[in-house]
file query_25.cif (mmCIF, C-alpha atoms and all ligand atoms)
data_final
loop_
_atom_site.label_atom_id
_atom_site.label_comp_id
_atom_site.auth_asym_id
_atom_site.auth_seq_id
_atom_site.Cartn_x
_atom_site.Cartn_y
_atom_site.Cartn_z
CA MET A 1 53.67 140.00 91.25
CA ALA A 2 54.63 136.65 89.74
CA LYS A 3 52.03 133.96 90.28
CA PRO A 4 52.99 131.04 92.58
CA VAL A 5 54.46 127.97 90.89
CA GLN A 6 54.59 124.33 91.93
CA ILE A 7 58.15 123.03 92.10
CA GLU A 8 60.28 120.20 93.41
CA VAL A 9 63.65 121.37 94.74
CA TRP A 10 66.99 119.56 94.78
CA ASN A 11 70.00 120.90 96.66
CA PRO A 12 68.14 123.90 98.15
CA ASN A 13 71.35 125.69 99.19
CA GLY A 14 73.02 125.46 95.75
CA LYS A 15 74.67 128.65 94.56
CA TYR A 16 73.24 128.63 91.01
CA ARG A 17 69.54 128.37 90.29
CA VAL A 18 68.67 126.07 87.37
CA ILE A 19 65.07 125.43 86.37
CA SER A 20 63.63 122.54 84.44
CA THR A 21 60.17 123.29 83.09
CA LYS A 22 59.35 119.55 83.21
CA SER A 23 60.33 116.48 85.15
CA MET A 24 62.75 114.47 82.97
CA PRO A 25 63.68 110.75 83.04
CA GLY A 26 66.51 109.47 85.26
CA THR A 27 68.44 111.27 87.99
CA ARG A 28 71.84 111.60 86.33
CA TRP A 29 70.99 115.04 85.00
CA ILE A 30 70.03 116.20 88.49
CA ASP A 31 73.21 114.70 89.99
CA LEU A 32 75.35 116.53 87.43
CA LEU A 33 73.77 119.87 88.25
CA VAL A 34 73.89 119.30 92.02
CA GLN A 35 77.59 118.29 91.81
CA GLN A 36 78.24 121.72 90.29
CA ASP A 37 76.55 123.56 93.15
CA CYS A 38 73.24 124.18 91.41
CA ARG A 39 69.90 124.42 93.16
CA VAL A 40 67.63 122.49 90.79
CA GLU A 41 63.96 123.41 90.59
CA ILE A 42 61.65 121.16 88.60
CA CYS A 43 58.20 122.42 87.70
CA THR A 44 55.52 120.00 88.92
CA LEU A 45 52.53 121.96 87.65
CA ASN A 46 49.94 119.46 86.34
CA LYS A 47 49.74 121.00 82.88
CA THR A 48 51.08 119.37 79.69
CA ILE A 49 52.22 122.55 77.95
CA LEU A 50 53.42 125.53 79.98
CA SER A 51 52.49 128.99 78.76
CA VAL A 52 54.97 131.84 78.43
CA GLU A 53 53.40 133.34 81.55
CA ASP A 54 53.93 130.10 83.53
CA ILE A 55 57.59 130.05 82.53
CA ILE A 56 58.12 133.72 83.42
CA ALA A 57 56.76 132.92 86.88
CA LEU A 58 59.18 129.99 87.13
CA ILE A 59 62.16 132.11 86.09
CA GLY A 60 61.39 134.70 88.79
CA ASP A 61 63.97 137.35 89.76
CA LYS A 62 67.11 135.22 89.76
CA CYS A 63 67.77 132.31 87.46
CA ASP A 64 71.08 131.13 85.99
CA GLY A 65 69.83 128.62 83.45
CA VAL A 66 66.71 126.85 82.15
CA ILE A 67 66.05 123.45 80.61
CA GLY A 68 62.90 123.70 78.48
CA GLN A 69 60.77 121.63 76.12
CA LEU A 70 59.93 121.72 72.40
CA THR A 71 56.29 122.52 73.21
CA GLU A 72 57.27 125.90 74.69
CA ASP A 73 57.54 129.18 72.84
CA TRP A 74 61.09 130.37 73.51
CA GLY A 75 61.02 133.80 71.90
CA ASP A 76 61.77 137.42 72.76
CA THR A 77 59.58 137.52 75.88
CA LEU A 78 61.14 134.51 77.58
CA PHE A 79 64.74 135.30 76.68
CA SER A 80 64.24 138.86 77.91
CA ALA A 81 62.86 137.54 81.23
CA LEU A 82 65.70 135.03 81.58
CA SER A 83 68.32 137.65 80.83
CA LYS A 84 66.80 140.08 83.37
CA ALA A 85 67.03 137.30 85.97
CA GLY A 86 70.77 136.95 85.21
CA GLY A 87 70.33 133.82 83.08
CA LYS A 88 73.05 132.86 80.61
CA ALA A 89 71.91 129.47 79.34
CA PHE A 90 68.86 127.77 77.84
CA SER A 91 68.78 124.17 76.73
CA ASN A 92 65.97 122.67 74.64
CA MET A 93 65.38 119.01 75.52
CA ALA A 94 65.17 118.11 71.81
CA VAL A 95 67.35 118.04 68.72
CA GLY A 96 64.90 120.22 66.74
CA TYR A 97 64.81 123.85 67.87
CA ASN A 98 62.08 125.36 65.68
CA ASN A 99 60.40 126.53 68.92
CA VAL A 100 63.46 128.65 69.80
CA ASP A 101 64.16 132.11 68.41
CA VAL A 102 67.95 131.89 68.38
CA ASP A 103 68.28 135.54 67.26
CA ALA A 104 66.30 136.67 70.31
CA ALA A 105 68.49 134.52 72.58
CA THR A 106 71.61 136.05 71.03
CA LYS A 107 70.17 139.55 71.49
CA TYR A 108 69.79 138.91 75.23
CA GLY A 109 73.15 137.13 75.61
CA VAL A 110 71.66 133.72 76.34
CA ALA A 111 73.45 130.66 74.93
CA VAL A 112 71.19 127.98 73.44
CA GLY A 113 71.77 124.23 73.46
CA ASN A 114 69.92 121.22 72.02
CA THR A 115 70.40 117.47 72.44
CA PRO A 116 71.47 115.90 69.12
CA GLY A 117 72.93 112.43 68.65
CA VAL A 118 71.25 110.52 71.49
CA LEU A 119 67.94 110.59 69.61
CA THR A 120 69.26 109.30 66.31
CA GLU A 121 68.80 105.53 66.52
CA THR A 122 65.63 105.68 68.64
CA THR A 123 63.91 108.08 66.25
CA ALA A 124 65.05 106.09 63.22
CA GLU A 125 63.67 102.93 64.84
CA LEU A 126 60.25 104.55 65.21
CA ALA A 127 60.32 105.64 61.57
CA ALA A 128 61.14 102.03 60.67
CA SER A 129 58.31 100.81 62.94
CA LEU A 130 55.83 103.15 61.27
CA SER A 131 57.05 102.05 57.83
CA LEU A 132 56.39 98.42 58.73
CA ALA A 133 53.11 99.13 60.49
CA ALA A 134 51.85 101.00 57.43
CA ALA A 135 53.22 98.49 54.90
CA ARG A 136 51.72 95.48 56.67
CA ARG A 137 48.58 97.23 57.99
CA ILE A 138 49.35 96.16 61.53
CA VAL A 139 47.14 98.68 63.36
CA GLU A 140 44.13 97.93 61.14
CA ALA A 141 44.65 94.19 61.59
CA ASP A 142 45.04 94.57 65.35
CA GLY A 143 41.73 96.48 65.55
CA PHE A 144 40.06 93.76 63.45
CA MET A 145 41.20 91.02 65.84
CA ARG A 146 40.13 92.92 68.95
CA ALA A 147 36.72 93.61 67.41
CA GLY A 148 36.18 89.84 67.11
CA LEU A 149 35.91 90.03 63.32
CA TYR A 150 38.45 87.31 62.48
CA GLU A 151 36.69 84.22 61.15
CA GLY A 152 39.67 82.46 59.58
CA TRP A 153 42.53 82.82 57.09
CA LEU A 154 41.58 84.36 53.74
CA PRO A 155 43.72 85.09 50.65
CA HIS A 156 42.75 88.76 50.63
CA LEU A 157 42.85 89.50 54.34
CA PHE A 158 44.95 92.60 55.08
CA VAL A 159 47.18 92.30 52.05
CA GLY A 160 49.94 94.92 52.25
CA ASN A 161 53.30 95.78 50.66
CA LEU A 162 56.49 93.69 50.55
CA LEU A 163 59.50 95.90 51.31
CA LYS A 164 62.33 93.67 50.07
CA GLY A 165 63.68 94.87 46.74
CA GLN A 166 61.52 98.02 46.81
CA THR A 167 62.94 101.54 47.00
CA VAL A 168 63.15 103.53 50.19
CA GLY A 169 63.26 107.32 49.77
CA VAL A 170 64.74 109.60 52.41
CA ILE A 171 64.23 113.36 52.42
CA GLY A 172 66.84 114.88 54.72
CA ALA A 173 69.67 112.37 55.06
CA GLY A 174 71.25 113.83 58.18
CA ARG A 175 71.80 111.88 61.39
CA ILE A 176 68.30 110.38 61.70
CA GLY A 177 67.55 110.08 57.98
CA SER A 178 70.83 108.21 57.41
CA ALA A 179 70.26 105.88 60.38
CA TYR A 180 66.75 105.10 59.08
CA ALA A 181 68.10 104.51 55.56
CA ARG A 182 70.68 102.04 56.87
CA MET A 183 67.99 100.15 58.83
CA MET A 184 65.74 99.81 55.79
CA VAL A 185 68.57 98.93 53.40
CA GLU A 186 70.26 96.43 55.69
CA GLY A 187 67.13 95.04 57.33
CA PHE A 188 64.89 94.74 54.28
CA LYS A 189 67.36 94.93 51.39
CA MET A 190 65.67 97.98 49.95
CA ASN A 191 67.34 100.19 47.38
CA LEU A 192 67.93 103.79 48.46
CA ILE A 193 67.14 107.12 46.86
CA TYR A 194 67.73 110.22 48.93
CA TYR A 195 67.51 113.99 48.70
CA ASP A 196 69.45 116.38 50.90
CA LEU A 197 71.12 119.73 50.39
CA TYR A 198 74.40 117.97 51.16
CA GLN A 199 75.94 114.72 50.00
CA ALA A 200 75.57 111.87 52.52
CA THR A 201 78.96 110.32 51.77
CA ARG A 202 79.06 107.90 54.71
CA LEU A 203 75.62 106.62 53.86
CA GLU A 204 76.55 106.12 50.22
CA LYS A 205 79.68 104.20 51.25
CA PHE A 206 77.64 102.02 53.59
CA VAL A 207 75.11 101.06 50.92
CA THR A 208 77.88 100.43 48.36
CA ALA A 209 79.73 98.13 50.77
CA TYR A 210 76.53 96.33 51.75
CA GLY A 211 75.64 95.85 48.10
CA GLN A 212 79.09 94.30 47.49
CA PHE A 213 78.61 92.03 50.49
CA LEU A 214 75.25 90.82 49.19
CA LYS A 215 76.67 90.22 45.72
CA ALA A 216 79.59 88.25 47.15
CA ASN A 217 77.03 86.06 48.90
CA GLY A 218 75.06 85.39 45.74
CA GLU A 219 72.24 87.82 46.55
CA GLN A 220 70.82 90.73 44.58
CA PRO A 221 72.90 93.79 45.55
CA VAL A 222 71.21 96.92 46.93
CA THR A 223 71.76 100.24 45.15
CA TRP A 224 71.74 103.92 46.07
CA LYS A 225 71.05 107.17 44.24
CA ARG A 226 71.37 110.80 45.30
CA ALA A 227 68.38 112.55 43.71
CA SER A 228 68.82 115.98 42.21
CA SER A 229 65.40 117.05 43.44
CA MET A 230 62.94 116.06 46.08
CA ASP A 231 60.33 115.36 43.40
CA GLU A 232 62.55 112.62 41.99
CA VAL A 233 62.43 110.83 45.36
CA LEU A 234 58.66 111.21 45.57
CA GLN A 235 58.16 109.79 42.09
CA GLU A 236 60.52 106.83 42.43
CA ALA A 237 60.29 105.60 46.01
CA ASP A 238 57.84 103.07 47.44
CA VAL A 239 58.40 104.17 51.04
CA ILE A 240 59.32 107.79 51.77
CA SER A 241 60.47 109.00 55.16
CA LEU A 242 60.84 112.69 56.03
CA HIS A 243 63.79 113.74 58.20
CA PRO A 244 64.69 117.37 57.45
CA ILE A 245 64.75 120.13 60.03
CA LEU A 246 61.68 122.38 60.11
CA ASP A 247 62.41 125.85 58.78
CA LYS A 248 61.02 128.19 56.11
CA THR A 249 62.41 125.96 53.33
CA THR A 250 60.75 122.78 54.61
CA TYR A 251 57.34 124.15 55.68
CA HIS A 252 54.67 122.19 53.72
CA LEU A 253 57.43 120.48 51.77
CA VAL A 254 54.89 117.74 51.09
CA ASN A 255 51.81 119.48 49.72
CA LYS A 256 48.88 118.56 47.44
CA GLU A 257 50.97 118.79 44.29
CA ARG A 258 53.78 116.67 45.66
CA LEU A 259 51.40 114.06 47.08
CA SER A 260 49.96 113.64 43.61
CA MET A 261 53.46 112.78 42.28
CA MET A 262 53.81 109.82 44.57
CA LYS A 263 52.93 106.26 43.63
CA LYS A 264 49.31 105.35 44.40
CA GLU A 265 50.47 102.60 46.79
CA ALA A 266 53.35 104.52 48.34
CA ILE A 267 53.94 104.85 52.06
CA LEU A 268 54.81 108.21 53.62
CA VAL A 269 56.36 108.44 57.09
CA ASN A 270 56.86 111.64 59.07
CA CYS A 271 58.95 111.65 62.24
CA SER A 272 60.39 115.14 61.64
CA ARG A 273 57.98 117.98 62.45
CA GLY A 274 54.26 118.22 61.64
CA PRO A 275 54.32 121.36 59.46
CA VAL A 276 56.69 119.66 56.98
CA VAL A 277 53.47 118.07 55.62
CA ASP A 278 50.31 119.95 54.59
CA GLU A 279 48.04 117.81 56.74
CA VAL A 280 44.76 119.01 55.17
CA ALA A 281 46.04 117.99 51.74
CA LEU A 282 47.24 114.70 53.21
CA VAL A 283 43.80 113.83 54.62
CA GLU A 284 42.25 114.50 51.22
CA HIS A 285 44.91 112.37 49.51
CA LEU A 286 44.37 109.50 51.96
CA ARG A 287 40.62 109.66 51.35
CA GLU A 288 41.01 109.58 47.58
CA ASN A 289 43.76 106.94 47.54
CA PRO A 290 42.90 104.10 49.91
CA MET A 291 46.05 102.14 48.98
CA PHE A 292 48.30 105.08 49.92
CA ARG A 293 49.37 104.79 53.55
CA VAL A 294 51.04 107.02 56.12
CA GLY A 295 52.79 106.63 59.44
CA LEU A 296 52.77 109.85 61.43
CA ASP A 297 54.52 110.70 64.69
CA VAL A 298 54.07 114.47 64.35
CA PHE A 299 51.18 116.74 63.39
CA GLU A 300 50.70 120.27 62.16
CA ASP A 301 48.74 121.56 65.16
CA GLU A 302 49.86 119.32 67.97
CA PRO A 303 48.23 117.97 70.04
CA TYR A 304 45.40 118.06 67.48
CA MET A 305 44.95 116.22 64.19
CA LYS A 306 43.36 117.88 61.18
CA PRO A 307 39.68 116.95 60.71
CA GLY A 308 39.21 113.53 59.16
CA LEU A 309 42.69 112.15 59.86
CA ALA A 310 41.57 110.04 62.82
CA ASP A 311 38.98 108.31 60.60
CA MET A 312 41.49 107.25 57.97
CA LYS A 313 42.20 103.52 58.15
CA ASN A 314 45.24 104.02 55.92
CA ALA A 315 46.94 106.21 58.54
CA VAL A 316 48.95 105.00 61.52
CA VAL A 317 49.20 107.78 64.10
CA VAL A 318 51.25 107.94 67.30
CA PRO A 319 51.66 110.87 69.73
CA HIS A 320 55.16 112.28 69.03
CA ILE A 321 56.98 109.35 70.66
CA ALA A 322 59.85 108.96 68.19
CA SER A 323 62.54 109.69 70.80
CA ALA A 324 60.73 107.84 73.57
CA SER A 325 63.15 105.10 74.58
CA LYS A 326 64.44 105.08 78.16
CA TRP A 327 68.08 105.29 77.03
CA THR A 328 67.42 108.23 74.74
CA ARG A 329 65.23 110.22 77.09
CA GLU A 330 67.78 109.84 79.92
CA GLY A 331 70.52 110.81 77.48
CA MET A 332 68.57 113.88 76.36
CA ALA A 333 68.10 114.97 79.97
CA THR A 334 71.82 114.46 80.68
CA LEU A 335 72.86 116.43 77.59
CA ALA A 336 70.40 119.21 78.43
CA ALA A 337 71.94 119.54 81.92
CA LEU A 338 75.47 119.54 80.47
CA ASN A 339 74.48 122.22 77.97
CA VAL A 340 73.28 124.47 80.75
CA LEU A 341 76.45 123.87 82.77
CA VAL A 342 78.77 124.44 79.84
CA ASP A 343 76.90 127.55 78.74
CA MET A 344 76.90 129.16 82.18
CA ARG A 345 80.54 129.90 81.35
CA SER A 346 80.82 132.75 83.78
CA LEU A 347 80.35 130.23 86.59
CA HIS A 348 83.92 128.89 86.06
CA ILE A 349 82.75 125.34 86.33
CA ASN A 350 85.39 122.62 86.35
CA PHE A 351 84.64 121.03 82.98
CA PHE A 352 87.05 118.18 83.62
CA ILE A 353 84.90 117.02 86.53
CA ILE A 354 81.73 117.21 84.46
CA LEU A 355 83.09 115.34 81.49
CA HIS A 356 84.86 112.80 83.70
CA SER A 357 81.67 111.98 85.55
CA ILE A 358 79.56 111.05 82.54
N1 LIG B 1 59.56 113.09 66.11
C1 LIG B 1 60.51 113.27 67.01
O1 LIG B 1 60.32 113.03 68.20
C2 LIG B 1 61.86 113.76 66.57
C3 LIG B 1 62.98 113.29 67.25
C4 LIG B 1 64.22 113.74 66.82
C5 LIG B 1 64.32 114.64 65.77
N2 LIG B 1 63.19 115.06 65.15
C6 LIG B 1 63.27 116.00 64.02
O2 LIG B 1 64.19 115.46 63.07
C7 LIG B 1 64.98 116.52 62.56
C8 LIG B 1 66.27 115.99 62.04
O3 LIG B 1 67.13 115.58 63.09
P1 LIG B 1 68.64 115.14 62.79
O4 LIG B 1 69.27 114.90 64.11
O5 LIG B 1 68.69 114.08 61.76
O6 LIG B 1 69.18 116.51 62.17
P2 LIG B 1 70.32 116.71 61.06
O7 LIG B 1 70.62 118.17 61.11
O8 LIG B 1 71.41 115.73 61.27
O9 LIG B 1 69.57 116.35 59.69
C9 LIG B 1 68.69 117.19 59.02
C10 LIG B 1 69.01 117.08 57.54
O10 LIG B 1 68.00 117.79 56.81
C11 LIG B 1 68.65 118.38 55.70
N3 LIG B 1 67.84 119.46 55.17
C12 LIG B 1 67.65 120.71 55.63
N4 LIG B 1 66.85 121.41 54.83
C13 LIG B 1 66.49 120.57 53.82
C14 LIG B 1 65.69 120.70 52.67
N5 LIG B 1 65.08 121.85 52.38
N6 LIG B 1 65.55 119.63 51.87
C15 LIG B 1 66.17 118.46 52.13
N7 LIG B 1 66.97 118.28 53.22
C16 LIG B 1 67.12 119.32 54.03
C17 LIG B 1 69.97 118.86 56.26
O11 LIG B 1 70.93 119.12 55.24
C18 LIG B 1 70.35 117.69 57.16
O12 LIG B 1 71.15 116.72 56.49
C19 LIG B 1 65.10 117.50 63.75
O13 LIG B 1 65.37 118.81 63.34
C20 LIG B 1 63.77 117.37 64.44
O14 LIG B 1 62.88 118.37 63.98
C21 LIG B 1 61.96 114.64 65.52
#
call {"tool": "encode", "arguments": {"input": "query_25.cif", "output": "structure tokens", "more": "lines below"}}
Ligand SMILES: NC(=O)c1ccc[n+]([C@@H]2O[C@H](COP(=O)([O-])OP(=O)(O)OC[C@H]3O[C@@H](n4cnc5c(N)ncnc54)[C@H](O)[C@@H]3O)[C@@H](O)[C@H]2O)c1
result
Amino acid sequence: MAKPVQIEVWNPNGKYRVISTKSMPGTRWIDLLVQQDCRVEICTLNKTILSVEDIIALIGDKCDGVIGQLTEDWGDTLFSALSKAGGKAFSNMAVGYNNVDVDAATKYGVAVGNTPGVLTETTAELAASLSLAAARRIVEADGFMRAGLYEGWLPHLFVGNLLKGQTVGVIGAGRIGSAYARMMVEGFKMNLIYYDLYQATRLEKFVTAYGQFLKANGEQPVTWKRASSMDEVLQEADVISLHPILDKTTYHLVNKERLSMMKKEAILVNCSRGPVVDEVALVEHLRENPMFRVGLDVFEDEPYMKPGLADMKNAVVVPHIASASKWTREGMATLAALNVLVDMRSLHINFFIILHSI
């Protein structure tokens, strides 16, 4: 027998049963589901990451759709359980879907959705924040002040890196990578070098036009370059931000060998997924190169950090908060609800009403 689960219920008499494995910001997503005759059940279990077993208990015998989180393991077992319960839709409240086995979902006839677009600017802004925090040693300096160590201005106190005129490197110039590149180019007049499997034409046009604008105003124009390899970016850039998806091709993309190619005073930022960086190699590199700095939002074994990372003064670490702005999180919840509604195609939902109401 399935174990009991703690839930909050909206619209108890709704025809379709939709589960959210977590409470999500705002109420718009709930309103959308309720308007379409869904009974919405939100798991209120006081546990940060739900196990597969917890989610099976939530799904129960009848479930039309689920909104889940990137911390959950959506593989064969869960899609089989959802399908058996009559489920047709699963939406990941994230743009990345490396926690979802799409082949398994397809096998069981469950459509999968994610929430791209609404995270772009917010995530890019955190990458920019980490770049600045690392370049200007803000976290170290903050700790110094709070510890009562400040005795007065000194020429050598917390000297960091100037960004203006330096080169920003972007690995993975998709939605977020391109937004970050524009922020760094426009905000700090950095030159751009990027590597992606595809050409980022809009980004190139933006930097070209901005360079022309600067020149017309008597300033040094910014430049861009599409690198033919990732190594070229690592060797040339002063600040490197990682924005590819996580898959087999990007696992440990930044490893010991690649770290050694980077400038000794370079800054590395990771707001993509933890396993894109070999974190053990990174800790060793940080230890051996005190002027090399990192800004990390994601980690290989979340919620844990590899041994030694927390002691590194040249690392700025935050707990996977890149998409954590109110606007974005409410937008992600809304998109996740719409995904479930759209994917429960057999329910003959009036799409005009849904789209009209957002
Ligand atoms: N830290 C967070 O909270 C957070 C928030 C949002 C997104 N993300 C991560 O950021 C990723 C990117 O999101 P997006 O919306 O920009 O996706 P996107 O699909 O628009 O961009 C990903 C880019 O990576 C490129 N790419 C893929 N494989 C590559 C490789 N081997 N080398 C170089 N480039 C490669 C793709 O061509 C694409 O342009 C997501 O998949 C997710 O994992 C993290």
call {"tool": "atom_distance", "arguments": {"input": "query_25.cif", "atom1": "atom CA of Ser91 of chain A", "atom2": "atom CA of Ala333 of chain A"}}
result
9.8 Å
call {"tool": "residues_near_ligand", "arguments": {"input": "query_25.cif", "ligand": "ligand LIG 1 (chain B)", "cutoff": "7 Å", "atoms": "only C-alpha atoms and all ligand atoms", "output": "PyMOL selection string"}}
result
chain A and resi 94-97+116-117+119-120+123+171-177+195-198+243-246+249-250+271-273+297-298+320-323
call {"tool": "residues_around", "arguments": {"input": "query_25.cif", "residues": "Ala81 of chain A", "least_positions_apart": "3", "cutoff": "8 Å", "atoms": "only C-alpha atoms", "output": "list in words"}}
result
Ile56, Ile59, Thr77, Leu78, Lys84 and Ala85 of chain A
call {"tool": "write_last_selection", "arguments": {"input": "query_25.cif", "atoms": "C-alpha atoms", "output": "PDB file, keeping the file's coordinate frame"}}
result
ATOM      1  CA  ILE A  56      58.120 133.720  83.420  1.00  0.00           C
ATOM      2  CA  ILE A  59      62.160 132.110  86.090  1.00  0.00           C
ATOM      3  CA  THR A  77      59.580 137.520  75.880  1.00  0.00           C
ATOM      4  CA  LEU A  78      61.140 134.510  77.580  1.00  0.00           C
ATOM      5  CA  LYS A  84      66.800 140.080  83.370  1.00  0.00           C
ATOM      6  CA  ALA A  85      67.030 137.300  85.970  1.00  0.00           C
TER       7      ALA A  85
END
call {"tool": "atom_distance", "arguments": {"input": "query_25.cif", "atom1": "atom CA of Thr115 of chain A", "atom2": "atom CA of Asn92 of chain A"}}
result
7.2 Å
call {"tool": "closest_residue", "arguments": {"input": "query_25.cif", "among": "A:Val66, A:Ile193, A:Val159, A:Met332", "to": "Ala134 of chain A", "atoms": "only C-alpha atoms"}}
result
A:Val159
call {"tool": "atom_distance", "arguments": {"input": "query_25.cif", "atom1": "atom CA of Lys164 of chain A", "atom2": "atom CA of Phe188 of chain A"}}
result
5.0 Å
call {"tool": "closest_residue", "arguments": {"input": "query_25.cif", "among": "A:Glu41, A:Asp301, A:Glu204, A:Asp64", "to": "Ser23 of chain A", "atoms": "all atoms listed in the file"}}
result
A:Glu41
call {"tool": "residues_around", "arguments": {"input": "query_25.cif", "residues": "Ala104 of chain A", "least_positions_apart": "6", "cutoff": "10 Å", "atoms": "only C-alpha atoms", "output": "list in words"}}
result
Trp74, Gly75, Asp76, Thr77, Leu78, Phe79, Ser80 and Val110 of chain A
call {"tool": "closest_residue", "arguments": {"input": "query_25.cif", "among": "A:Gly113, A:Gly160, A:Gly148, A:Gly218", "to": "Val340 of chain A", "atoms": "all atoms listed in the file"}}
result
A:Gly113
call {"tool": "closest_residue", "arguments": {"input": "query_25.cif", "among": "A:Ala124, A:Ala227, A:Leu157, A:Leu341", "to": "Phe144 of chain A", "atoms": "only C-alpha atoms"}}
result
A:Leu157
call {"tool": "closest_residue", "arguments": {"input": "query_25.cif", "among": "A:Lys306, A:Lys326, A:Lys313, A:Arg146", "to": "Val294 of chain A", "atoms": "all atoms listed in the file"}}
result
A:Lys313
call {"tool": "closest_residue", "arguments": {"input": "query_25.cif", "among": "A:Val185, A:Phe158, A:Gly65, A:Ala337", "to": "Val139 of chain A", "atoms": "all atoms listed in the file"}}
result
A:Phe158
call {"tool": "residues_around", "arguments": {"input": "query_25.cif", "residues": "Val277 of chain A", "least_positions_apart": "2", "cutoff": "10 Å", "atoms": "only C-alpha atoms", "output": "count of residues only"}}
result
21
